[in-house]
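Have a look at the structure below before the remarks.
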Amino acid sequence: MDHSKLKEKALERKNVKAAYDALETEFALLRDLLKARQSAGLTQAEIAERMGTKAPAVTRLESSLSSGRHSPSIATLKRYAQALGCHLEIKVVADNNQRPV
């Protein structure tokens, strides 16, 4: 069974689907970070150097967002964005059909 079929089968379970959906924000952030790094033509090692850290730290940062095992600090995400020549924006957005309190 390949990855896509395994994922499809797993997502048929309500609890797995709920957990997967709950990680959408992290997955979206990871996609944005990777896209920005690729657009900039930079490697993890180059980002690490610009952040003043080592390449394995950038690898852990990128993988932590997809695994959900660790939430990087806002300061770390800002340093990553700055290393790309970007800035970090964080927004609070009301869920569909709900008014903020």
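Each chain in the structure tokens gets a letter, A, B and so on, in the order shown; residues start at 1 in every chain, and ligands are counted from 1 in the order they appear.
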
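If you count only C-alpha atoms and ignore residues fewer than 2 places along the chain from segment 68-81 of chain A, what sits within 8 Å of it is A:Leu23, A:Glu26, A:Leu33, A:Ile47, A:Met51, A:Leu61, A:Ser64, A:Leu65, A:Ser66, A:Ala83, A:Leu84, A:Gly85, A:Cys86, A:His87, A:Leu88.
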
### Task
Assign secondary structure with DSSP using the backbone only, and return the residues of segment 8-96 of chain A in alpha helix (DSSP H) as JSON, numbers by chain.
{"A": [8, 9, 10, 14, 15, 16, 17, 18, 19, 20, 21, 22, 24, 25, 26, 27, 28, 29, 30, 31, 32, 33, 34, 35, 36, 37, 38, 39, 40, 44, 45, 46, 47, 48, 49, 50, 51, 55, 56, 57, 58, 59, 60, 61, 62, 63, 64, 65, 66, 67, 74, 75, 76, 77, 78, 79, 80, 81, 82, 83]}

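For the residues A:Tyr20, A:Ala48, A:Glu62, A:Ala55, ranking by smallest atom-to-atom distance to Leu34 of chain A using only C-alpha atoms places A:Glu62 first.
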
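If you look at atom CA of Asp2 of chain A and atom CA of Asn15 of chain A, they are 21.5 Å away from each other.
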
## Note on the structure
In Å and to one decimal, atom CA of Glu24 of chain A is distant from atom CA of Ala45 of chain A by 26.6 Å
